[in-house]
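The file structure_4.tsv contains TSV, C-alpha atoms:
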chain	number	residue	atom	x	y	z
A	1	MET	CA	0.00	0.00	0.00
A	2	SER	CA	1.26	3.48	-0.80
A	3	ILE	CA	-0.06	6.61	0.86
A	4	LEU	CA	0.53	10.15	-0.37
A	5	LEU	CA	-0.54	13.03	1.87
A	6	ASP	CA	-0.55	16.22	-0.22
A	7	GLY	CA	-2.21	19.23	1.36
A	8	ASP	CA	-5.89	18.37	1.76
A	9	VAL	CA	-5.73	15.14	-0.28
A	10	ILE	CA	-4.76	11.65	0.87
A	11	ASP	CA	-4.19	9.26	-2.05
A	12	VAL	CA	-4.13	5.63	-0.91
A	13	ARG	CA	-3.26	2.90	-3.43
A	14	ASP	CA	-3.05	-0.84	-2.95
A	15	SER	CA	-0.62	-3.26	-4.59
A	16	THR	CA	-2.82	-3.48	-7.71
A	17	VAL	CA	-2.76	0.34	-8.04
A	18	VAL	CA	-6.44	0.65	-7.18
A	19	GLY	CA	-6.72	4.00	-5.45
A	20	SER	CA	-8.97	5.80	-3.03
A	21	ILE	CA	-8.86	9.57	-2.70
A	22	PHE	CA	-9.75	11.02	0.70
A	23	ARG	CA	-10.15	14.76	1.24
A	24	LEU	CA	-9.72	16.89	4.35
A	25	THR	CA	-11.70	20.02	5.16
A	26	PRO	CA	-11.47	22.25	8.24
A	27	GLU	CA	-14.28	21.76	10.75
A	28	ASP	CA	-14.62	23.44	14.14
A	29	GLU	CA	-11.25	22.86	15.84
A	30	GLY	CA	-10.13	20.00	13.61
A	31	LEU	CA	-10.41	18.38	10.21
A	32	ARG	CA	-13.12	16.29	8.56
A	33	LEU	CA	-12.02	13.29	6.50
A	34	HIS	CA	-14.29	12.77	3.47
A	35	VAL	CA	-14.49	9.09	2.51
A	36	PRO	CA	-15.17	8.24	-1.14
A	37	ALA	CA	-17.98	5.91	-2.15
A	38	GLY	CA	-17.05	2.35	-2.91
A	39	PRO	CA	-17.18	-1.23	-1.72
A	40	VAL	CA	-16.39	-1.67	1.97
A	41	GLU	CA	-13.87	-4.43	1.20
A	42	ARG	CA	-11.74	-1.91	-0.70
A	43	LEU	CA	-12.39	1.16	1.43
A	44	LEU	CA	-11.60	-0.20	4.90
A	45	PRO	CA	-7.90	-0.93	4.26
A	46	ALA	CA	-7.59	2.42	2.47
A	47	LEU	CA	-9.35	4.22	5.33
A	48	PHE	CA	-6.98	2.67	7.87
A	49	GLY	CA	-4.07	3.79	5.68
A	50	ALA	CA	-5.43	7.33	5.53
A	51	ILE	CA	-5.85	7.43	9.32
A	52	GLU	CA	-2.31	6.12	9.74
A	53	ALA	CA	-0.99	8.91	7.51
A	54	LEU	CA	-2.86	11.51	9.55
A	55	THR	CA	-1.61	10.18	12.89
A	56	ALA	CA	2.00	9.52	11.89
A	57	GLY	CA	3.01	12.83	13.48
A	58	GLU	CA	1.62	11.68	16.84
A	59	ARG	CA	-1.41	13.91	16.55
A	60	THR	CA	-4.45	13.30	18.70
A	61	ILE	CA	-7.55	12.49	16.66
A	62	ARG	CA	-11.22	12.12	17.51
A	63	ILE	CA	-13.18	9.73	15.35
A	64	GLY	CA	-16.91	10.18	14.87
A	65	ALA	CA	-19.42	9.39	12.20
A	66	ARG	CA	-22.23	11.39	10.67
A	67	LEU	CA	-24.72	9.70	8.39

Would you kindly transcribe this structure into structure tokens?
Amino acid sequence: MSILLDGDVIDVRDSTVVGSIFRLTPEDEGLRLHVPAGPVERLLPALFGAIEALTAGERTIRIGARL
């Protein structure tokens, strides 16, 4: 898996070069991670990769969901 964090975009690609693009936007005192549509089987590993990229600098994160 490769993960590229570039500004407000996180590009996560698996070994078959299938990619998922996550976007960040400011919200209140933090950032909102926008998850693309797609099959859960593909998105979950990519989501974990995106979260890992965001927390690599030992930041504190709060995870919540809005439907």

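Restricting the calculation to only C-alpha atoms, the smallest distance between Val12 in chain A and any of A:Ala56, A:Ala46, A:Ala37, A:Leu31 is found for A:Ala46.
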
Contact residues around range 1-10 of chain A with all atoms listed in the file at 6 Å, ignoring same-chain residues under 4 positions, as a short mmCIF file (atom, residue, chain, number, x, y, z; two decimals) with C-alpha atoms, in the frame of the given file:
data_model
loop_
_atom_site.label_atom_id
_atom_site.label_comp_id
_atom_site.auth_asym_id
_atom_site.auth_seq_id
_atom_site.Cartn_x
_atom_site.Cartn_y
_atom_site.Cartn_z
CA ASP A 14 -3.05 -0.84 -2.95
CA SER A 15 -0.62 -3.26 -4.59
CA ILE A 21 -8.86 9.57 -2.70
CA PHE A 22 -9.75 11.02 0.70
CA ARG A 23 -10.15 14.76 1.24
CA LEU A 24 -9.72 16.89 4.35
#

- Message: Between CA of Leu47 in chain A and CA of Glu29 in chain A, what distance in Å does the model show, to one decimal?
- Response: 21.5 Å

- Query: Which protein, DNA or RNA residues have an atom at most 10 Å from (-16.1, 5.3, -3.0), counting only C-alpha atoms? List them as a PyMOL selection string.
  - Reply: chain A and resi 19-22+35-40+42-43

- Note on the structure: Counting all atoms listed in the file, closest pick from A:Glu27, A:Asp11, A:Val18, A:His34 relative to Gly49 in chain A is A:Asp11
